[in-house]
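Asks: Just passing along the structure, written as structure tokens.
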Amino acid sequence: MKKLLAALATTAALTLSSAAWADYPERTITVVVPFAAGGPTDTVTRLVAEAMSKDLGQQVIVENVGGAGGTLGAGRVASSEPDGYTLLLHHIGMATSATLYRKLAYDTLNAFEYVGLVTDVPMTIVARKDLEPADLKGLVEYAKANKDTVTVANAGIGAASHLCGMMFMSAIDTSLVTVPYKGTGPAMTDLLGGQVDIMCDQTTNTTKQIQGGTIKAYAVTSAKRLDVLPDVPTAEEGGLTGFQVGIWHGIYAPKGTPAEITERLSKSLQVALKDPNVIARFAELGTVPSSEADATPAALKAKLESEIARWKPVIEAAGQYAD
């Protein structure tokens, strides 16, 4: 009898728990972007948030909480109420910060619940439009010969451009002069103005500039050429064997968020990524939405774990840590 009563109590509790979240969401959901407004991750987030709003029947708004390479925004979400109303959309920096920052206010793998992967954005190796080399092979030779003066811009420690820049220097086995900025905008402005030489950044930030001829494109970091930039060769074609870097994005919720909510959000994400406007806009930016199989909690968790392991030796070799 005791076992029967215990079983009934457990069933009742589960039913009550499910019923408690049956009407979710009942108010506005905030998605924190841990970078400045107008940047590549912000652009991706706003497109997805708009599509998820339609599916969820509640407004999904974006809040930019920049600083410390994305760790301030991530920390903000980690300490939020686990009720499904505060989420995080972060890129590959979620994985690299685990090694890059000696002190974090949260445990990367254990401070969040997982919703799903959003997209994997290719990178581009670009330069000021009047830089001498005509192709990637020439750029590598030029960089090696002028390593003490060639400047590589990035949007700050932990930014996608910083990570790709480290990977580039590792691939050519040459340390160049890095110039960190407080955001993608200022870095691109100085590249356009010729104040810096090279940058490695997401297609979401460089495609229009490349198409307009205001910067010089040397390579894309994808396995094959992009439809939106058909004349830009892959890094592999340019001689950098195995140089493939994608800036993947995922959605997270605070640890303890009920599974019913993360599953609902995951399903909504899957619907959003099939939205014609999202597909079309992503294509214009040189990327594609994640598949239904990847827009899941399990896929995002596996990606984060594997990427932490992948980037740890790269960051340790570069020795570019942040406090």
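Residue numbers start at 1 in each chain; chains themselves are named A, B, ... in the order of the structure tokens; ligands are numbered from 1 in the order shown.
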Could you pull the residues within 9 Å of Ala259 in chain A, counting only C-alpha atoms, minus those fewer than 4 positions along the same chain, as a list in words?

Replies: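 So, after excluding close chain neighbours, the residues are Glu113, Glu263 and Arg264 of chain A.
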
Asks: Which range 83-137 of chain A residues have any atom within 10 Å of an atom of range 151-174 of chain A, and for each, what is the nearest pair of atoms with distance in Å to one decimal, counting only C-alpha atoms, rows sorted by chain and number, as a tab-separated table?

Replies:
residue	atom	partner	partner_atom	distance
A:His91	CA	A:Ala160	CA	7.9
A:Ile92	CA	A:Ala160	CA	7.2
A:Gly93	CA	A:Gly158	CA	5.8
A:Met94	CA	A:Gly158	CA	8.9
A:Ala95	CA	A:Gly158	CA	9.8
A:Thr96	CA	A:Gly158	CA	7.2
A:Ser97	CA	A:Gly158	CA	6.6
A:Leu100	CA	A:Gly158	CA	7.3
A:Tyr101	CA	A:Gly158	CA	8.8
A:Met123	CA	A:Cys164	CA	7.7
A:Thr124	CA	A:Cys164	CA	9.1
A:Ile125	CA	A:Phe168	CA	8.7
A:Val126	CA	A:Val152	CA	10.0
A:Ala127	CA	A:Val152	CA	8.9

Asks: Quick one: of A:Lys137, A:Arg27, A:Lys267, A:Arg128, who's nearest to Cys200 in chain A, counting only C-alpha atoms?

Replies: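 Looking at the shortest contact to Cys200 in chain A, the residue is A:Arg128.
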
Asks: Please identify all polymer residues within 8 Å of Met52 in chain A, counting only C-alpha atoms, omitting same-chain residues fewer than 3 positions from it, and present them as a PyMOL selection string.

Replies: chain A and resi 48-49+55-56+60+268-269+271-272

Asks: Could you pull out the strand (DSSP E) residues of range 75-171 of chain A, going by DSSP on the backbone, and write them as number ranges by chain?

Replies: A: 86-90, 112-128, 151-154

Asks: Next, the residues of the selection above should be written as a compact mmCIF listing (two decimals), in the first residue's frame with C-alpha atoms.

Replies:
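part-v9.txt, written as the output of this step:
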# COMPACT_ATOMS: atom_id res chain seq x y z
CA THR A 86 15.28 34.91 -19.45
CA LEU A 87 17.37 33.16 -22.10
CA LEU A 88 20.84 33.51 -23.58
CA LEU A 89 21.85 33.38 -27.22
CA HIS A 90 25.62 33.04 -27.37
CA PHE A 112 22.72 26.27 -17.92
CA GLU A 113 20.02 24.16 -19.49
CA TYR A 114 20.23 23.69 -23.25
CA VAL A 115 17.65 24.67 -25.87
CA GLY A 116 19.34 24.10 -29.22
CA LEU A 117 21.75 25.21 -31.93
CA VAL A 118 20.70 28.12 -34.13
CA THR A 119 23.24 28.45 -36.92
CA ASP A 120 26.91 27.95 -37.78
CA VAL A 121 28.23 31.09 -39.43
CA PRO A 122 31.30 30.85 -41.69
CA MET A 123 34.17 33.27 -41.21
CA THR A 124 35.99 35.35 -43.80
CA ILE A 125 39.63 36.36 -43.90
CA VAL A 126 39.51 39.97 -45.06
CA ALA A 127 41.81 42.98 -45.28
CA ARG A 128 41.88 46.67 -46.07
CA THR A 151 48.01 44.29 -37.67
CA VAL A 152 45.06 41.97 -37.04
CA ALA A 153 41.91 43.65 -35.76
CA ASN A 154 39.36 41.99 -33.51

Asks: So which residues touch Ala134 in chain A within 10 Å, counting only C-alpha atoms, skipping near sequence neighbours fewer than 5 positions away, as number ranges by chain?

Replies: A: 139, 216-218

Asks: Let me make sure I understand: among A:Ala298, A:Ile261, A:Val65, A:Ala37, which one has the smallest atom-to-atom distance to Asp83 in chain A if we use only C-alpha atoms?

Replies: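 Distance minimum relative to Asp83 in chain A lands on A:Ile261.
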
Asks: Using only C-alpha atoms, which protein or nucleic acid residues come within 7 Å of Gly70 in chain A? Drop anything in the same chain fewer than 4 positions from it, and give the result as a list of chain:residue names.

Replies: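 The filter keeps A:Pro34, A:Phe35, A:Gly66, A:Ala74.
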
Asks: Any idea what's packed within 9 Å of Gln270 in chain A, counting only C-alpha atoms, ignoring anything in its chain fewer than 6 positions away? Could you give it as a VMD selection string?

Replies: chain A and resid 52 116 118 290 to 296

Asks: Would you list the contacts of Arg46 in chain A as a PDB file with N, CA and C atoms, in the first residue's frame, taking every protein, DNA or RNA residue within 9 Å and counting only C-alpha atoms, but skipping same-chain residues closer than 5 positions in sequence?

Replies:
ATOM      1  N   THR A  41      26.050  38.532 -33.891  1.00  0.00           N
ATOM      2  CA  THR A  41      25.202  37.696 -33.033  1.00  0.00           C
ATOM      3  C   THR A  41      23.873  38.385 -32.749  1.00  0.00           C
ATOM      4  N   ALA A  51      10.747  35.358 -35.183  1.00  0.00           N
ATOM      5  CA  ALA A  51      10.063  34.148 -35.636  1.00  0.00           C
ATOM      6  C   ALA A  51       9.532  33.329 -34.468  1.00  0.00           C
ATOM      7  N   VAL A  60       9.086  38.002 -27.906  1.00  0.00           N
ATOM      8  CA  VAL A  60      10.439  37.623 -27.505  1.00  0.00           C
ATOM      9  C   VAL A  60      11.330  38.817 -27.829  1.00  0.00           C
ATOM     10  N   ILE A  61      11.821  39.483 -26.797  1.00  0.00           N
ATOM     11  CA  ILE A  61      12.616  40.691 -27.007  1.00  0.00           C
ATOM     12  C   ILE A  61      14.101  40.412 -26.780  1.00  0.00           C
ATOM     13  N   VAL A  62      14.929  41.260 -27.333  1.00  0.00           N
ATOM     14  CA  VAL A  62      16.383  41.104 -27.222  1.00  0.00           C
ATOM     15  C   VAL A  62      16.942  42.181 -26.311  1.00  0.00           C
TER      16      VAL A  62
END

Asks: Could you pull out the helix (DSSP H, G or I) residues of range 135-305 of chain A, going by DSSP on the backbone, and write them as a PyMOL selection string?

Replies: chain A and resi 136-145+160-171+184-192+203-212+259-272+276-284+297-305

Asks: How about saving the chosen residues, C-alpha atoms kept, as a PDB file, in the first residue's frame?

Replies:
ATOM      1  CA  LEU A 136      45.606  33.968 -49.594  1.00  0.00           C
ATOM      2  CA  LYS A 137      48.962  32.370 -50.365  1.00  0.00           C
ATOM      3  CA  GLY A 138      50.417  35.813 -50.945  1.00  0.00           C
ATOM      4  CA  LEU A 139      48.798  37.109 -47.751  1.00  0.00           C
ATOM      5  CA  VAL A 140      50.406  34.356 -45.690  1.00  0.00           C
ATOM      6  CA  GLU A 141      53.814  35.083 -47.203  1.00  0.00           C
ATOM      7  CA  TYR A 142      53.328  38.820 -46.622  1.00  0.00           C
ATOM      8  CA  ALA A 143      52.264  38.279 -43.016  1.00  0.00           C
ATOM      9  CA  LYS A 144      55.258  36.066 -42.273  1.00  0.00           C
ATOM     10  CA  ALA A 145      57.669  38.547 -43.830  1.00  0.00           C
ATOM     11  CA  ALA A 160      34.515  35.642 -32.850  1.00  0.00           C
ATOM     12  CA  SER A 161      37.064  37.780 -34.696  1.00  0.00           C
ATOM     13  CA  HIS A 162      39.549  37.320 -31.846  1.00  0.00           C
ATOM     14  CA  LEU A 163      39.141  33.541 -31.899  1.00  0.00           C
ATOM     15  CA  CYS A 164      39.462  33.303 -35.671  1.00  0.00           C
ATOM     16  CA  GLY A 165      42.482  35.591 -35.589  1.00  0.00           C
ATOM     17  CA  MET A 166      44.179  33.269 -33.094  1.00  0.00           C
ATOM     18  CA  MET A 167      43.344  30.289 -35.283  1.00  0.00           C
ATOM     19  CA  PHE A 168      44.793  32.057 -38.338  1.00  0.00           C
ATOM     20  CA  MET A 169      48.047  32.876 -36.566  1.00  0.00           C
ATOM     21  CA  SER A 170      48.248  29.310 -35.307  1.00  0.00           C
ATOM     22  CA  ALA A 171      47.648  27.950 -38.819  1.00  0.00           C
ATOM     23  CA  THR A 184      32.767  44.724 -34.206  1.00  0.00           C
ATOM     24  CA  GLY A 185      31.678  48.167 -35.425  1.00  0.00           C
ATOM     25  CA  PRO A 186      34.839  50.072 -34.453  1.00  0.00           C
ATOM     26  CA  ALA A 187      37.064  47.250 -35.742  1.00  0.00           C
ATOM     27  CA  MET A 188      35.349  47.269 -39.134  1.00  0.00           C
ATOM     28  CA  THR A 189      35.442  51.076 -39.284  1.00  0.00           C
ATOM     29  CA  ASP A 190      39.218  51.080 -38.897  1.00  0.00           C
ATOM     30  CA  LEU A 191      39.601  48.257 -41.423  1.00  0.00           C
ATOM     31  CA  LEU A 192      37.549  50.288 -43.896  1.00  0.00           C
ATOM     32  CA  THR A 203      29.991  36.579 -42.939  1.00  0.00           C
ATOM     33  CA  THR A 204      27.093  38.228 -41.109  1.00  0.00           C
ATOM     34  CA  ASN A 205      29.392  41.212 -40.608  1.00  0.00           C
ATOM     35  CA  THR A 206      31.542  41.181 -43.763  1.00  0.00           C
ATOM     36  CA  THR A 207      29.388  40.035 -46.702  1.00  0.00           C
ATOM     37  CA  LYS A 208      27.981  43.443 -47.626  1.00  0.00           C
ATOM     38  CA  GLN A 209      31.402  45.080 -47.366  1.00  0.00           C
ATOM     39  CA  ILE A 210      32.954  42.378 -49.561  1.00  0.00           C
ATOM     40  CA  GLN A 211      30.174  42.680 -52.140  1.00  0.00           C
ATOM     41  CA  GLY A 212      30.582  46.457 -52.117  1.00  0.00           C
ATOM     42  CA  ALA A 259      12.400  20.318 -18.956  1.00  0.00           C
ATOM     43  CA  GLU A 260       8.875  21.073 -20.186  1.00  0.00           C
ATOM     44  CA  ILE A 261       9.954  24.660 -20.858  1.00  0.00           C
ATOM     45  CA  THR A 262      13.250  23.874 -22.562  1.00  0.00           C
ATOM     46  CA  GLU A 263      11.456  21.359 -24.763  1.00  0.00           C
ATOM     47  CA  ARG A 264       8.794  23.930 -25.654  1.00  0.00           C
ATOM     48  CA  LEU A 265      11.493  26.459 -26.502  1.00  0.00           C
ATOM     49  CA  SER A 266      13.386  23.899 -28.552  1.00  0.00           C
ATOM     50  CA  LYS A 267      10.270  23.099 -30.570  1.00  0.00           C
ATOM     51  CA  SER A 268       9.676  26.813 -31.106  1.00  0.00           C
ATOM     52  CA  LEU A 269      13.273  27.261 -32.233  1.00  0.00           C
ATOM     53  CA  GLN A 270      12.806  24.457 -34.765  1.00  0.00           C
ATOM     54  CA  VAL A 271       9.708  26.192 -36.124  1.00  0.00           C
ATOM     55  CA  ALA A 272      11.506  29.551 -36.243  1.00  0.00           C
ATOM     56  CA  PRO A 276      10.919  31.677 -44.831  1.00  0.00           C
ATOM     57  CA  ASN A 277      12.109  35.097 -43.673  1.00  0.00           C
ATOM     58  CA  VAL A 278      14.763  33.578 -41.402  1.00  0.00           C
ATOM     59  CA  ILE A 279      15.975  31.265 -44.175  1.00  0.00           C
ATOM     60  CA  ALA A 280      16.119  34.117 -46.698  1.00  0.00           C
ATOM     61  CA  ARG A 281      17.855  36.576 -44.384  1.00  0.00           C
ATOM     62  CA  PHE A 282      20.340  33.971 -43.184  1.00  0.00           C
ATOM     63  CA  ALA A 283      21.180  33.231 -46.836  1.00  0.00           C
ATOM     64  CA  GLU A 284      21.858  36.922 -47.461  1.00  0.00           C
ATOM     65  CA  PRO A 297      19.087  20.364 -26.131  1.00  0.00           C
ATOM     66  CA  ALA A 298      21.160  17.209 -26.663  1.00  0.00           C
ATOM     67  CA  ALA A 299      22.850  18.544 -29.817  1.00  0.00           C
ATOM     68  CA  LEU A 300      23.775  21.856 -28.200  1.00  0.00           C
ATOM     69  CA  LYS A 301      25.181  20.169 -25.097  1.00  0.00           C
ATOM     70  CA  ALA A 302      27.315  17.824 -27.205  1.00  0.00           C
ATOM     71  CA  LYS A 303      28.544  20.749 -29.324  1.00  0.00           C
ATOM     72  CA  LEU A 304      29.549  22.798 -26.300  1.00  0.00           C
ATOM     73  CA  GLU A 305      31.442  19.917 -24.736  1.00  0.00           C
TER      74      GLU A 305
END

Asks: Rank nothing, just name the residue among A:Glu236, A:Asp130, A:Asp23, A:Asp197 nearest to Lys224 in chain A, using only C-alpha atoms.

Replies: A:Glu236

Asks: Quick one: distance from CA of Thr30 in chain A to CA of Ser306 in chain A in Å, one decimal?

Replies: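 Interatomic distance here is 27.7 Å.
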
Asks: May I ask which of the residues A:Lys103, A:Lys255, A:Arg225, A:Lys147 is the closest one to Tyr321 in chain A, counting only C-alpha atoms?

Replies: A:Lys103
